[in-house]
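Engineer: After the structure tokens below, expect a handful of questions from me.
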Amino acid sequence: MTYLRRIELKLAAAGINRTVTDIMQDMHRLHSVLSIPKDARKPHRRLETPSKTQAEVLSAFGHRVDASGVLQPDLN
């Protein structure tokens, strides 16, 4: 419960006023896929394009999904 409350407080500080239950349901829907590029030995994990809410949550925690589907620290 403490971790959920801390998440809720962090999101509220970023201007996202939703319950942590709603946020967790939205983030649960952020899917990933493993892809193996040609001539590669290991698969790469890529994320789908996040929805507006998912992008806001990632931004509140200092991250973003770049154009190639990789989770990156947000340097803005």
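Lettering and numbering for the structure tokens are positional, with chains as A, B, ... in the shown order, residues counted from 1 in each chain, and ligands counted from 1 in the shown order.
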Using only C-alpha atoms, what does the table of stretch 18-42 of chain A residues within 12 Å of stretch 58-63 of chain A look like, with each row giving the shortest atom pair and its distance in Å to one decimal, sorted by chain and ascending number, as JSON lines?
Structural biologist:
{"residue": "A:Ile23", "atom": "CA", "partner": "A:Leu58", "partner_atom": "CA", "distance": 10.8}
{"residue": "A:Met24", "atom": "CA", "partner": "A:Leu58", "partner_atom": "CA", "distance": 11.9}
{"residue": "A:Asp26", "atom": "CA", "partner": "A:Leu58", "partner_atom": "CA", "distance": 11.4}
{"residue": "A:Met27", "atom": "CA", "partner": "A:Leu58", "partner_atom": "CA", "distance": 9.2}
{"residue": "A:Leu30", "atom": "CA", "partner": "A:Leu58", "partner_atom": "CA", "distance": 10.8}
Engineer: Hey, can you spit out that residue selection with C-alpha atoms as a compact mmCIF listing (two decimals), in the first residue's frame?
Structural biologist:
# COMPACT_ATOMS: atom_id res chain seq x y z
CA ILE A 23 -2.95 4.14 -13.68
CA MET A 24 -1.93 0.54 -12.99
CA ASP A 26 -3.45 1.61 -18.08
CA MET A 27 0.18 0.65 -17.61
CA LEU A 30 1.49 -1.26 -22.33
Engineer: I want to know what sits within 9 Å of A:Leu47, based on only C-alpha atoms, with residues of the same chain fewer than 3 positions away left out; could you give that as a ChimeraX atom specification?
Structural biologist: /A:30-34,50,65,68-71
Engineer: Using the selection just defined, write its residues with C-alpha atoms as a JSON list (two decimals), in the first residue's frame.
Structural biologist:
[["chain", "number", "residue", "atom", "x", "y", "z"],
["A", 30, "LEU", "CA", 1.49, -1.26, -22.33],
["A", 31, "HIS", "CA", 2.63, -4.34, -24.21],
["A", 32, "SER", "CA", 6.04, -5.39, -25.39],
["A", 33, "VAL", "CA", 7.26, -7.70, -28.12],
["A", 34, "LEU", "CA", 10.47, -9.60, -28.71],
["A", 50, "PRO", "CA", 2.12, 4.29, -25.43],
["A", 65, "VAL", "CA", 9.48, 5.38, -25.41],
["A", 68, "SER", "CA", 12.05, 2.47, -32.24],
["A", 69, "GLY", "CA", 10.08, 1.27, -29.20],
["A", 70, "VAL", "CA", 12.89, 1.40, -26.64],
["A", 71, "LEU", "CA", 12.35, 2.79, -23.15]]
Engineer: Please report, as JSON, numbers by chain, each residue of chain A to which DSSP assigns strand (DSSP E or B) when run on this structure's backbone.
Structural biologist: {"A": [32, 33, 34, 35, 44, 45, 46, 47, 63, 64, 65, 71, 72, 73]}
Engineer: So how far away is atom CA of A:Val20 from atom CA of A:Arg5, in Å?
Structural biologist: 7.6 Å
Engineer: Could you tell me how far atom CA of A:Leu75 lies from atom CA of A:Ile7, in Å and to one decimal?
Structural biologist: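 Answer for the atom CA of A:Leu75 to atom CA of A:Ile7 separation: 20.8 Å.
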Engineer: Report the residues of chain A whose backbone DSSP state falls under alpha helix (DSSP H), written as a PyMOL selection string.
Structural biologist: chain A and resi 2-13+20-28+52-60
Engineer: With C-alpha atoms retained, export the selected residues as an mmCIF file, in the first residue's frame.
Structural biologist:
data_model
loop_
_atom_site.group_PDB
_atom_site.id
_atom_site.type_symbol
_atom_site.label_atom_id
_atom_site.label_comp_id
_atom_site.auth_asym_id
_atom_site.auth_seq_id
_atom_site.Cartn_x
_atom_site.Cartn_y
_atom_site.Cartn_z
ATOM 1 C CA THR A 2 2.880 2.354 0.742
ATOM 2 C CA TYR A 3 4.362 1.933 -2.735
ATOM 3 C CA LEU A 4 1.016 2.568 -4.384
ATOM 4 C CA ARG A 5 0.539 5.732 -2.352
ATOM 5 C CA ARG A 6 4.041 6.916 -3.282
ATOM 6 C CA ILE A 7 3.227 6.349 -6.957
ATOM 7 C CA GLU A 8 -0.002 8.296 -6.549
ATOM 8 C CA LEU A 9 1.824 11.202 -4.869
ATOM 9 C CA LYS A 10 4.529 11.297 -7.548
ATOM 10 C CA LEU A 11 1.906 11.397 -10.301
ATOM 11 C CA ALA A 12 -0.086 14.089 -8.473
ATOM 12 C CA ALA A 13 3.080 16.210 -8.283
ATOM 13 C CA VAL A 20 -3.332 4.523 -8.762
ATOM 14 C CA THR A 21 -5.745 1.706 -9.676
ATOM 15 C CA ASP A 22 -6.601 3.439 -12.968
ATOM 16 C CA ILE A 23 -2.948 4.138 -13.677
ATOM 17 C CA MET A 24 -1.930 0.540 -12.987
ATOM 18 C CA GLN A 25 -4.662 -0.738 -15.328
ATOM 19 C CA ASP A 26 -3.453 1.613 -18.085
ATOM 20 C CA MET A 27 0.180 0.648 -17.610
ATOM 21 C CA HIS A 28 -0.755 -3.031 -17.593
ATOM 22 C CA LYS A 52 -1.411 9.608 -23.971
ATOM 23 C CA THR A 53 -1.957 8.547 -20.359
ATOM 24 C CA GLN A 54 0.820 5.959 -20.480
ATOM 25 C CA ALA A 55 3.215 8.534 -21.952
ATOM 26 C CA GLU A 56 2.318 10.998 -19.177
ATOM 27 C CA VAL A 57 3.003 8.384 -16.504
ATOM 28 C CA LEU A 58 6.330 7.429 -18.069
ATOM 29 C CA SER A 59 7.234 11.118 -18.299
ATOM 30 C CA ALA A 60 6.368 11.644 -14.620
#
